[in-house]
$ cat start-v6.tsv   # TSV, C-alpha atoms and all ligand atoms
chain	number	residue	atom	x	y	z
M	264	MET	CA	14.07	45.90	4.54
M	265	ILE	CA	15.01	42.23	5.02
M	266	LYS	CA	13.11	39.98	2.65
M	267	GLN	CA	11.49	37.07	4.52
M	268	VAL	CA	11.52	33.78	2.65
M	269	ASN	CA	8.97	31.17	3.60
M	270	TYR	CA	10.90	27.96	3.09
M	271	ASN	CA	7.90	25.84	4.13
M	272	ASN	CA	6.51	26.56	0.68
M	273	ILE	CA	9.09	24.30	-0.90
M	274	ILE	CA	8.35	21.20	1.18
M	275	ASN	CA	7.06	18.37	-1.02
M	276	GLN	CA	7.45	20.62	-4.07
M	277	VAL	CA	9.34	20.04	-7.29
M	278	LEU	CA	11.13	23.25	-8.27
M	279	LEU	CA	11.11	23.95	-12.00
M	280	GLY	CA	14.40	24.88	-13.64
M	281	ASP	CA	18.12	24.21	-13.85
M	282	ILE	CA	19.46	23.04	-10.48
M	283	ARG	CA	22.37	25.46	-10.90
M	284	LYS	CA	19.82	28.26	-10.48
M	285	THR	CA	17.00	26.82	-8.37
M	286	TYR	CA	19.31	25.80	-5.52
M	287	GLU	CA	19.20	29.41	-4.30
M	288	LYS	CA	15.62	28.87	-3.16
M	289	ILE	CA	16.77	26.29	-0.62
M	290	PRO	CA	18.15	27.13	2.82
M	291	ASP	CA	21.56	25.90	3.95
M	292	ASN	CA	21.90	22.70	6.04
M	293	TYR	CA	18.42	21.59	5.03
M	294	PHE	CA	18.47	18.05	3.66
M	295	GLN	CA	19.45	14.88	5.46
M	296	SER	CA	19.90	12.93	2.24
M	297	ILE	CA	20.22	13.46	-1.50
M	298	ILE	CA	19.07	10.49	-3.59
M	299	THR	CA	19.37	11.05	-7.30
M	300	SER	CA	19.97	9.70	-10.76
M	301	PRO	CA	21.24	12.44	-13.10
M	302	PRO	CA	21.11	12.05	-16.89
M	303	TYR	CA	23.91	9.77	-18.07
M	304	PHE	CA	26.49	11.10	-20.50
M	305	GLY	CA	25.24	11.08	-24.10
M	306	HIS	CA	22.32	8.71	-23.50
M	307	ARG	CA	19.17	10.64	-24.33
M	308	LYS	CA	17.57	14.06	-24.68
M	309	TYR	CA	15.02	15.01	-22.04
M	310	SER	CA	14.29	18.56	-23.22
M	311	GLY	CA	13.69	20.39	-26.49
M	312	GLU	CA	16.35	22.51	-28.15
M	313	ASP	CA	15.33	25.58	-26.08
M	314	LEU	CA	16.73	23.95	-22.91
M	315	SER	CA	19.54	21.91	-24.44
M	316	GLN	CA	22.20	24.25	-23.04
M	317	ASP	CA	20.94	23.76	-19.50
M	318	GLU	CA	20.44	20.03	-19.74
M	319	ILE	CA	23.05	17.82	-18.10
M	320	GLY	CA	24.09	14.87	-20.25
M	321	ARG	CA	23.95	16.59	-23.63
M	322	GLU	CA	27.49	17.94	-23.56
M	323	LYS	CA	29.59	16.95	-26.59
M	324	ASP	CA	32.60	16.30	-24.45
M	325	LEU	CA	32.89	13.94	-21.47
M	326	ASN	CA	35.08	16.34	-19.46
M	327	GLU	CA	32.48	19.05	-19.91
M	328	TYR	CA	29.79	16.67	-18.61
M	329	ILE	CA	31.90	15.79	-15.56
M	330	LYS	CA	32.61	19.48	-14.90
M	331	ASN	CA	28.92	20.43	-15.16
M	332	LEU	CA	27.66	17.53	-13.07
M	333	THR	CA	30.29	18.08	-10.39
M	334	PHE	CA	29.30	21.74	-10.26
M	335	CYS	CA	25.64	20.78	-9.66
M	336	PHE	CA	26.71	18.80	-6.58
M	337	GLU	CA	29.01	21.59	-5.45
M	338	VAL	CA	26.21	24.14	-5.35
M	339	ILE	CA	23.86	21.89	-3.39
M	340	LYS	CA	26.49	20.68	-0.93
M	341	SER	CA	25.89	23.54	1.50
M	342	LYS	CA	22.18	22.62	1.50
M	343	LEU	CA	23.01	19.17	2.84
M	344	LYS	CA	23.44	18.79	6.59
M	345	ASP	CA	26.93	17.91	7.81
M	346	THR	CA	25.52	14.54	8.92
M	347	GLY	CA	23.92	14.00	5.52
M	348	VAL	CA	24.81	11.83	2.55
M	349	LEU	CA	24.52	11.74	-1.22
M	350	TRP	CA	23.44	8.59	-3.05
M	351	LEU	CA	24.38	8.96	-6.69
M	352	ASN	CA	23.13	6.50	-9.31
M	353	LEU	CA	25.08	6.53	-12.58
M	354	GLY	CA	25.42	4.32	-15.62
M	355	ASP	CA	28.24	4.18	-18.14
M	356	THR	CA	28.50	5.06	-21.84
M	357	TYR	CA	30.20	3.43	-24.83
M	358	ARG	CA	31.85	5.66	-27.45
M	359	LYS	CA	33.48	4.20	-30.55
M	360	LYS	CA	33.00	0.75	-29.04
M	361	GLU	CA	34.91	1.75	-25.92
M	362	LEU	CA	33.59	1.96	-22.39
M	363	LEU	CA	34.28	5.42	-21.00
M	364	GLY	CA	34.22	4.65	-17.29
M	365	VAL	CA	31.96	7.64	-16.63
M	366	PRO	CA	30.68	6.69	-13.14
M	367	TRP	CA	34.16	6.36	-11.68
M	368	ARG	CA	35.40	9.50	-13.39
M	369	VAL	CA	32.53	11.42	-11.81
M	370	ALA	CA	33.23	9.77	-8.46
M	371	PHE	CA	36.89	10.83	-8.60
M	372	ALA	CA	35.90	14.38	-9.59
M	373	LEU	CA	33.55	14.57	-6.58
M	374	LYS	CA	36.27	13.24	-4.30
M	375	ASP	CA	38.55	15.97	-5.62
M	376	LYS	CA	35.90	18.48	-4.55
M	377	GLY	CA	35.92	17.15	-1.00
M	378	TRP	CA	33.08	14.61	-1.01
M	379	MET	CA	33.99	11.49	0.95
M	380	LEU	CA	33.37	8.33	-1.06
M	381	ARG	CA	32.03	5.76	1.42
M	382	SER	CA	30.81	2.97	-0.84
M	383	ASP	CA	30.45	1.88	-4.46
M	384	ILE	CA	27.36	-0.23	-4.89
M	385	ILE	CA	26.51	-2.33	-7.91
M	386	TRP	CA	22.86	-2.18	-8.86
M	387	LYS	CA	22.31	-5.48	-10.67
M	388	LYS	CA	19.23	-5.47	-12.91
M	389	PRO	CA	17.82	-8.99	-13.33
M	390	ASN	CA	15.45	-7.72	-16.04
M	391	ALA	CA	17.94	-5.54	-17.93
M	392	MET	CA	17.27	-5.08	-21.65
M	393	PRO	CA	18.83	-7.83	-23.77
M	394	SER	CA	21.46	-6.59	-26.21
M	395	SER	CA	22.83	-7.84	-29.51
M	396	VAL	CA	26.51	-7.60	-28.56
M	397	LYS	CA	28.53	-10.72	-29.32
M	398	ASN	CA	32.08	-9.75	-28.40
M	399	ARG	CA	31.59	-8.66	-24.79
M	400	PRO	CA	29.21	-9.46	-21.91
M	401	THR	CA	25.83	-7.71	-21.86
M	402	THR	CA	25.79	-4.92	-19.28
M	403	ASP	CA	23.23	-5.50	-16.55
M	404	HIS	CA	24.46	-3.19	-13.81
M	405	GLU	CA	24.85	0.45	-12.86
M	406	TYR	CA	26.63	2.15	-9.98
M	407	ILE	CA	25.34	3.77	-6.84
M	408	PHE	CA	27.92	5.80	-4.98
M	409	LEU	CA	27.46	6.71	-1.34
M	410	PHE	CA	29.16	10.00	-0.52
M	411	SER	CA	29.23	11.88	2.76
M	412	LYS	CA	30.15	15.43	3.67
M	413	THR	CA	31.97	14.44	6.84
M	414	SER	CA	33.09	11.19	8.45
M	415	ASP	CA	30.39	11.61	11.10
M	416	TYR	CA	27.23	11.01	9.08
M	417	TYR	CA	23.90	9.39	9.93
M	418	TYR	CA	23.62	5.79	8.76
M	419	ASP	CA	21.10	3.23	10.03
M	420	ALA	CA	22.59	-0.13	9.09
M	421	ASP	CA	19.81	-2.02	10.94
M	422	SER	CA	17.09	-0.62	8.69
M	423	ILE	CA	18.50	-2.33	5.59
M	424	ARG	CA	19.96	-5.58	6.88
M	425	GLU	CA	19.68	-8.56	4.58
M	426	PRO	CA	19.17	-12.25	5.35
M	427	HIS	CA	22.17	-14.30	6.39
M	428	VAL	CA	23.22	-16.60	3.61
M	429	THR	CA	26.06	-18.73	4.92
M	430	PHE	CA	25.01	-18.99	8.55
M	431	SER	CA	22.51	-17.74	11.08
M	432	SER	CA	22.11	-17.54	14.86
M	433	GLU	CA	20.45	-20.95	14.58
M	434	SER	CA	23.27	-22.54	12.66
M	435	LYS	CA	25.11	-25.49	14.08
M	436	MET	CA	28.59	-24.37	13.20
M	437	ARG	CA	31.15	-24.64	15.99
M	438	GLY	CA	30.23	-22.37	18.83
M	439	GLY	CA	26.92	-21.46	17.22
M	440	ARG	CA	24.46	-19.26	19.04
M	441	LYS	CA	25.93	-19.82	22.52
M	442	HIS	CA	28.41	-17.11	21.74
M	443	LEU	CA	25.92	-14.45	20.77
M	444	GLY	CA	26.32	-11.18	22.64
M	445	LYS	CA	29.58	-12.11	24.34
M	446	LYS	CA	32.78	-10.22	23.87
M	447	ASN	CA	35.35	-12.58	22.40
M	448	GLY	CA	32.49	-15.04	22.26
M	449	THR	CA	33.95	-16.90	19.40
M	450	PRO	CA	34.19	-20.62	18.95
M	451	GLU	CA	37.84	-20.32	19.88
M	452	GLN	CA	37.73	-17.82	22.77
M	453	GLY	CA	39.29	-14.52	21.80
M	454	LYS	CA	40.89	-15.87	18.68
M	455	ASN	CA	39.31	-13.22	16.54
M	456	GLU	CA	40.33	-10.23	18.65
M	457	GLY	CA	41.80	-7.77	16.18
M	458	ASN	CA	39.96	-9.20	13.19
M	459	GLN	CA	38.95	-6.09	11.25
M	460	ASN	CA	35.77	-7.76	10.09
M	461	LEU	CA	34.51	-8.34	13.61
M	462	HIS	CA	33.89	-5.63	16.17
M	463	ASN	CA	35.85	-6.55	19.31
M	464	GLY	CA	36.20	-10.05	17.91
M	465	ARG	CA	32.49	-10.57	18.46
M	466	TRP	CA	30.83	-13.12	16.25
M	467	ASP	CA	27.43	-11.83	17.29
M	468	GLN	CA	28.06	-8.85	15.01
M	469	ALA	CA	28.26	-11.29	12.15
M	470	PHE	CA	25.26	-13.27	13.45
M	471	HIS	CA	23.07	-10.20	13.98
M	472	PRO	CA	19.52	-11.52	14.60
M	473	GLN	CA	18.02	-8.99	12.17
M	474	GLY	CA	20.25	-10.18	9.36
M	475	ARG	CA	23.69	-9.44	8.06
M	476	ASN	CA	24.95	-6.00	7.16
M	477	LYS	CA	23.84	-4.87	3.73
M	478	ARG	CA	26.21	-5.93	0.97
M	479	THR	CA	27.39	-3.84	-1.97
M	480	VAL	CA	25.63	-5.74	-4.76
M	481	TRP	CA	21.92	-4.95	-4.84
M	482	GLU	CA	19.76	-7.02	-7.15
M	483	ILE	CA	16.67	-4.97	-7.90
M	484	PRO	CA	14.44	-5.24	-10.98
M	485	LEU	CA	13.64	-2.15	-13.01
M	486	GLY	CA	10.44	-0.46	-11.89
M	487	LYS	CA	7.01	-0.46	-13.52
M	488	PHE	CA	6.42	3.29	-13.98
M	489	ARG	CA	8.59	3.41	-17.08
M	490	ASP	CA	6.22	4.55	-19.82
M	491	ALA	CA	5.92	8.11	-18.64
M	492	HIS	CA	9.63	8.91	-18.38
M	493	PHE	CA	12.63	7.29	-20.06
M	494	ALA	CA	14.73	6.56	-17.03
M	495	VAL	CA	12.75	5.80	-13.90
M	496	TYR	CA	14.67	4.03	-11.17
M	497	PRO	CA	12.94	1.43	-8.95
M	498	GLU	CA	11.23	2.39	-5.71
M	499	GLN	CA	13.00	-0.41	-3.87
M	500	LEU	CA	16.39	1.04	-4.79
M	501	VAL	CA	15.41	4.48	-3.51
M	502	GLU	CA	13.86	3.02	-0.39
M	503	THR	CA	17.05	1.19	0.56
M	504	CYS	CA	19.03	4.43	0.33
M	505	LEU	CA	16.32	6.39	2.12
M	506	LEU	CA	15.90	4.05	5.10
M	507	ALA	CA	19.64	3.88	5.69
M	508	SER	CA	20.20	7.62	5.57
M	509	THR	CA	17.14	9.33	7.09
M	510	LYS	CA	14.73	9.30	10.02
M	511	MET	CA	11.02	10.11	9.93
M	512	ASP	CA	10.33	13.74	8.93
M	513	ASP	CA	13.83	14.30	7.55
M	514	ILE	CA	14.05	16.12	4.24
M	515	VAL	CA	15.22	14.24	1.16
M	516	PHE	CA	16.31	16.02	-2.03
M	517	ASP	CA	16.48	14.97	-5.67
M	518	PRO	CA	18.04	17.62	-7.94
M	519	PHE	CA	17.16	15.58	-11.08
M	520	THR	CA	13.63	14.56	-10.16
M	521	GLY	CA	12.38	13.17	-13.50
M	522	SER	CA	9.07	11.42	-12.84
M	523	GLY	CA	9.45	11.89	-9.08
M	524	THR	CA	10.32	8.41	-7.79
M	525	THR	CA	12.48	9.73	-4.94
M	526	GLY	CA	9.64	11.99	-3.78
M	527	VAL	CA	7.03	9.24	-3.92
M	528	VAL	CA	9.20	6.90	-1.84
M	529	ALA	CA	10.09	9.66	0.62
M	530	ILE	CA	6.46	10.51	1.31
M	531	LYS	CA	5.36	6.86	1.50
M	532	ASN	CA	7.95	6.50	4.25
M	533	ASN	CA	6.91	9.65	6.10
M	534	ARG	CA	9.88	11.74	5.03
M	535	LYS	CA	9.68	15.20	3.45
M	536	PHE	CA	10.82	15.86	-0.07
M	537	ILE	CA	12.16	18.64	-2.27
M	538	GLY	CA	12.85	18.15	-5.94
M	539	CYS	CA	14.12	20.02	-8.96
M	540	GLU	CA	13.40	19.25	-12.61
M	541	LEU	CA	14.43	21.16	-15.72
M	542	VAL	CA	11.63	20.05	-18.03
M	543	GLU	CA	8.15	21.32	-17.27
M	544	THR	CA	6.33	18.20	-18.52
M	545	TYR	CA	8.29	16.05	-16.06
M	546	GLN	CA	8.10	18.61	-13.28
M	547	LYS	CA	4.29	18.56	-13.55
M	548	MET	CA	4.20	14.77	-13.78
M	549	ALA	CA	6.38	14.42	-10.69
M	550	GLN	CA	4.39	16.99	-8.73
M	551	LYS	CA	1.17	15.15	-9.54
M	552	ARG	CA	2.62	11.81	-8.45
M	553	ILE	CA	3.88	13.36	-5.22
M	554	ASP	CA	0.57	15.13	-4.50
M	555	ASN	CA	-1.23	11.81	-4.98
M	556	THR	CA	1.04	9.91	-2.63
M	557	ASN	CA	-0.06	9.25	0.92
M	558	TYR	CA	2.01	8.06	3.81
M	559	GLN	CA	1.80	4.26	3.71
M	560	PRO	CA	4.72	2.50	5.31
M	561	THR	CA	6.20	-0.30	3.28
M	562	ILE	CA	9.16	-2.30	4.47
M	563	PHE	CA	11.48	-3.60	1.81
M	564	ALA	CA	14.30	-4.24	4.26
M	565	ILE	CA	14.96	-7.78	5.47
M	566	LYS	CA	13.45	-9.63	2.61
M	567	GLN	CA	14.73	-12.24	0.22
M	601	LIG	C1	17.60	10.09	-15.30
M	601	LIG	S1	16.33	11.26	-15.17
M	601	LIG	C2	15.74	11.06	-13.52
M	601	LIG	C3	14.72	9.97	-13.39
M	601	LIG	C4	14.18	9.81	-11.98
M	601	LIG	N1	15.16	9.22	-11.09
M	601	LIG	C5	12.91	8.98	-11.99
M	601	LIG	O1	12.87	7.91	-11.33
M	601	LIG	O2	11.95	9.35	-12.68
M	601	LIG	C6	17.20	12.78	-15.09
M	601	LIG	C7	16.33	14.03	-15.12
M	601	LIG	O3	17.17	15.18	-14.93
M	601	LIG	C8	16.59	16.27	-15.64
M	601	LIG	N2	17.64	17.32	-15.84
M	601	LIG	C9	18.58	17.41	-16.80
M	601	LIG	N3	19.35	18.51	-16.63
M	601	LIG	C10	18.88	19.14	-15.52
M	601	LIG	C11	19.28	20.33	-14.82
M	601	LIG	N4	20.28	21.09	-15.24
M	601	LIG	N5	18.59	20.67	-13.70
M	601	LIG	C12	17.55	19.89	-13.26
M	601	LIG	N6	17.12	18.77	-13.89
M	601	LIG	C13	17.79	18.38	-15.01
M	601	LIG	C14	16.09	15.63	-16.93
M	601	LIG	O4	15.09	16.41	-17.54
M	601	LIG	C15	15.59	14.26	-16.44
M	601	LIG	O5	14.20	14.28	-16.19

$ encode --input "start-v6.tsv" --output "structure tokens"
Amino acid sequence: MIKQVNYNNIINQVLLGDIRKTYEKIPDNYFQSIITSPPYFGHRKYSGEDLSQDEIGREKDLNEYIKNLTFCFEVIKSKLKDTGVLWLNLGDTYRKKELLGVPWRVAFALKDKGWMLRSDIIWKKPNAMPSSVKNRPTTDHEYIFLFSKTSDYYYDADSIREPHVTFSSESKMRGGRKHLGKKNGTPEQGKNEGNQNLHNGRWDQAFHPQGRNKRTVWEIPLGKFRDAHFAVYPEQLVETCLLASTKMDDIVFDPFTGSGTTGVVAIKNNRKFIGCELVETYQKMAQKRIDNTNYQPTIFAIKQ
């Protein structure tokens, strides 16, 4: 007899357990986007000793961490649609006063496994914790990597445009707005044909009325919901990734759910969510937050 699985039961649910086991409950080609922040190497302990073997980030050895984390993304890759993407937030670790370069090592390991690295984004934290270091700059950034499964992935650049800084469609620079929407409509007709930064040499791509294309440094303050979980990332950061990589009703996944920020943002924006969390206290906390979240559209895009 063929066992019927009702996958609807997992929508807006946080699965409890190690992602390397729970992934089996998820159908293939299911998510449009994965937005996640796994535990960083050697930073903190989320579980008790009973789960320490299953917990990512508690490995003694960096290579072991990279192997384990890469494996987590390997098992969930088939669950991601071919048009889907993975947004991976990672911070670095110092050992014996030396920076290990963990985010990039993980990124290279994922590339080796066939993920396409599309962008490295710097998340700059204006309210990062002060530090007492005197012989190097204080770290106030982390990485967000954008990976895709294929080169033909869904990406909505318009949903996350940012304000023009140097010029706008109103600016008085030579040519100005007269050239908007015209092929080769540059101040010096056609001069920019072949310029890789401009599509068909069109300045109107640069002067897009909804703002310029999102840049790779995102300045976003740390979120407020920090007491309940050690490492909550800000809703605005998740929302930027979400809007660019999903449409309404798409399913978003976070294999390392923590307090459930990805799920809360997904539901607020009328997307569906599936999560996974190893530690029961956090799984319950996240589920409660998600259950208490109603659809309430908020637009963070196009703002100063
Ligand atoms: C950095 S936190 C995520 C925080 C989350 N982004 C938020 O905003 O609350 C990483 C989470 O991954 C969980 N975790 C660690 N190993 C795991 C595993 N093997 N499977 C699933 N979750 C795991 C930890 O318990 C922790 O809650």

$ closest_atom_pairs --input "start-v6.tsv" --of "chain M" --to "ligand LIG 601 (chain M)" --cutoff "7 Å" --atoms "all atoms listed in the file" --output "JSON lines"
{"residue": "M:Gly280", "atom": "CA", "partner": "M:LIG601", "partner_atom": "C12", "distance": 5.9}
{"residue": "M:Asp281", "atom": "CA", "partner": "M:LIG601", "partner_atom": "N5", "distance": 3.6}
{"residue": "M:Ile282", "atom": "CA", "partner": "M:LIG601", "partner_atom": "N5", "distance": 4.1}
{"residue": "M:Arg283", "atom": "CA", "partner": "M:LIG601", "partner_atom": "N4", "distance": 6.5}
{"residue": "M:Thr299", "atom": "CA", "partner": "M:LIG601", "partner_atom": "N1", "distance": 6.0}
{"residue": "M:Ser300", "atom": "CA", "partner": "M:LIG601", "partner_atom": "N1", "distance": 4.8}
{"residue": "M:Pro301", "atom": "CA", "partner": "M:LIG601", "partner_atom": "C6", "distance": 4.5}
{"residue": "M:Pro302", "atom": "CA", "partner": "M:LIG601", "partner_atom": "C1", "distance": 4.3}
{"residue": "M:Tyr303", "atom": "CA", "partner": "M:LIG601", "partner_atom": "C1", "distance": 6.9}
{"residue": "M:Tyr309", "atom": "CA", "partner": "M:LIG601", "partner_atom": "O4", "distance": 4.7}
{"residue": "M:Ser310", "atom": "CA", "partner": "M:LIG601", "partner_atom": "O4", "distance": 6.1}
{"residue": "M:Asp317", "atom": "CA", "partner": "M:LIG601", "partner_atom": "N4", "distance": 5.1}
{"residue": "M:Glu318", "atom": "CA", "partner": "M:LIG601", "partner_atom": "N3", "distance": 3.6}
{"residue": "M:Ile319", "atom": "CA", "partner": "M:LIG601", "partner_atom": "N3", "distance": 4.0}
{"residue": "M:Gly320", "atom": "CA", "partner": "M:LIG601", "partner_atom": "C9", "distance": 7.0}
{"residue": "M:His492", "atom": "CA", "partner": "M:LIG601", "partner_atom": "O2", "distance": 6.2}
{"residue": "M:Ala494", "atom": "CA", "partner": "M:LIG601", "partner_atom": "C1", "distance": 4.9}
{"residue": "M:Val495", "atom": "CA", "partner": "M:LIG601", "partner_atom": "O1", "distance": 3.3}
{"residue": "M:Tyr496", "atom": "CA", "partner": "M:LIG601", "partner_atom": "O1", "distance": 4.3}
{"residue": "M:Pro497", "atom": "CA", "partner": "M:LIG601", "partner_atom": "O1", "distance": 6.9}
{"residue": "M:Pro518", "atom": "CA", "partner": "M:LIG601", "partner_atom": "C12", "distance": 5.8}
{"residue": "M:Phe519", "atom": "CA", "partner": "M:LIG601", "partner_atom": "O3", "distance": 3.9}
{"residue": "M:Thr520", "atom": "CA", "partner": "M:LIG601", "partner_atom": "C4", "distance": 5.1}
{"residue": "M:Gly521", "atom": "CA", "partner": "M:LIG601", "partner_atom": "O5", "distance": 3.4}
{"residue": "M:Ser522", "atom": "CA", "partner": "M:LIG601", "partner_atom": "O2", "distance": 3.6}
{"residue": "M:Gly523", "atom": "CA", "partner": "M:LIG601", "partner_atom": "O2", "distance": 5.1}
{"residue": "M:Thr524", "atom": "CA", "partner": "M:LIG601", "partner_atom": "O1", "distance": 4.4}
{"residue": "M:Thr525", "atom": "CA", "partner": "M:LIG601", "partner_atom": "O1", "distance": 6.7}
{"residue": "M:Cys539", "atom": "CA", "partner": "M:LIG601", "partner_atom": "C12", "distance": 5.5}
{"residue": "M:Glu540", "atom": "CA", "partner": "M:LIG601", "partner_atom": "N6", "distance": 4.0}
{"residue": "M:Leu541", "atom": "CA", "partner": "M:LIG601", "partner_atom": "N6", "distance": 4.0}
{"residue": "M:Val542", "atom": "CA", "partner": "M:LIG601", "partner_atom": "O4", "distance": 5.0}
{"residue": "M:Tyr545", "atom": "CA", "partner": "M:LIG601", "partner_atom": "O5", "distance": 6.2}

$ closest_residue --input "start-v6.tsv" --among "M:Phe516, M:Tyr558, M:Phe410, M:Trp481" --to "Gly538 in chain M" --atoms "all atoms listed in the file"
M:Phe516

$ atom_distance --input "start-v6.tsv" --atom1 "CA of Glu327 in chain M" --atom2 "CA of Trp367 in chain M"
15.2 Å

$ atom_distance --input "start-v6.tsv" --atom1 "CA of Phe336 in chain M" --atom2 "CA of Ala370 in chain M"
11.3 Å

$ residues_around --input "start-v6.tsv" --residues "Val396 in chain M" --least-positions-apart "5" --cutoff "12 Å" --atoms "all atoms listed in the file" --output "list in words"
Lys360, Thr401 and Thr402 of chain M

$ atom_distance --input "start-v6.tsv" --atom1 "CA of Lys531 in chain M" --atom2 "CA of Thr556 in chain M"
6.7 Å

$ closest_atom_pairs --input "start-v6.tsv" --of "range 362-436 of chain M" --to "range 337-350 of chain M" --cutoff "6 Å" --atoms "only C-alpha atoms" --output "tab-separated table"
residue	atom	partner	partner_atom	distance
M:Phe408	CA	M:Trp350	CA	5.6
M:Leu409	CA	M:Trp350	CA	4.8
M:Phe410	CA	M:Leu349	CA	5.0
M:Ser411	CA	M:Val348	CA	4.4
M:Lys412	CA	M:Asp345	CA	5.8
M:Tyr416	CA	M:Thr346	CA	3.9
M:Tyr417	CA	M:Thr346	CA	5.5

$ residues_around --input "start-v6.tsv" --residues "Tyr418 in chain M" --least-positions-apart "6" --cutoff "10 Å" --atoms "all atoms listed in the file" --output "NGL selection string"
:M and (346-348 or 504-510)

$ closest_residue --input "start-v6.tsv" --among "M:Arg478, M:Lys376, M:Lys388, M:His404" --to "Ala420 in chain M" --atoms "all atoms listed in the file"
M:Arg478

$ residues_near_point --input "start-v6.tsv" --point "(29.5, 6.6, -24.5)" --cutoff "12 Å" --atoms "all atoms listed in the file" --output "short mmCIF file (atom, residue, chain, number, x, y, z; two decimals) with C-alpha atoms, keeping the file's coordinate frame"
data_model
loop_
_atom_site.label_atom_id
_atom_site.label_comp_id
_atom_site.auth_asym_id
_atom_site.auth_seq_id
_atom_site.Cartn_x
_atom_site.Cartn_y
_atom_site.Cartn_z
CA TYR M 303 23.91 9.77 -18.07
CA PHE M 304 26.49 11.10 -20.50
CA GLY M 305 25.24 11.08 -24.10
CA HIS M 306 22.32 8.71 -23.50
CA ARG M 307 19.17 10.64 -24.33
CA GLY M 320 24.09 14.87 -20.25
CA ARG M 321 23.95 16.59 -23.63
CA GLU M 322 27.49 17.94 -23.56
CA LYS M 323 29.59 16.95 -26.59
CA ASP M 324 32.60 16.30 -24.45
CA LEU M 325 32.89 13.94 -21.47
CA TYR M 328 29.79 16.67 -18.61
CA GLY M 354 25.42 4.32 -15.62
CA ASP M 355 28.24 4.18 -18.14
CA THR M 356 28.50 5.06 -21.84
CA TYR M 357 30.20 3.43 -24.83
CA ARG M 358 31.85 5.66 -27.45
CA LYS M 359 33.48 4.20 -30.55
CA LYS M 360 33.00 0.75 -29.04
CA GLU M 361 34.91 1.75 -25.92
CA LEU M 362 33.59 1.96 -22.39
CA LEU M 363 34.28 5.42 -21.00
CA GLY M 364 34.22 4.65 -17.29
CA VAL M 365 31.96 7.64 -16.63
CA PRO M 366 30.68 6.69 -13.14
#

$ closest_residue --input "start-v6.tsv" --among "M:Pro400, M:Ser394, M:Gly474, M:Val527" --to "Pro426 in chain M" --atoms "all atoms listed in the file"
M:Gly474

$ closest_residue --input "start-v6.tsv" --among "M:Val369, M:Ala391, M:Met379, M:Met548" --to "Gly526 in chain M" --atoms "only C-alpha atoms"
M:Met548

$ residues_around --input "start-v6.tsv" --residues "Ile483 in chain M" --least-positions-apart "6" --cutoff "7 Å" --atoms "only C-alpha atoms" --output "VMD selection string"
chain M and resid 386 to 389 500
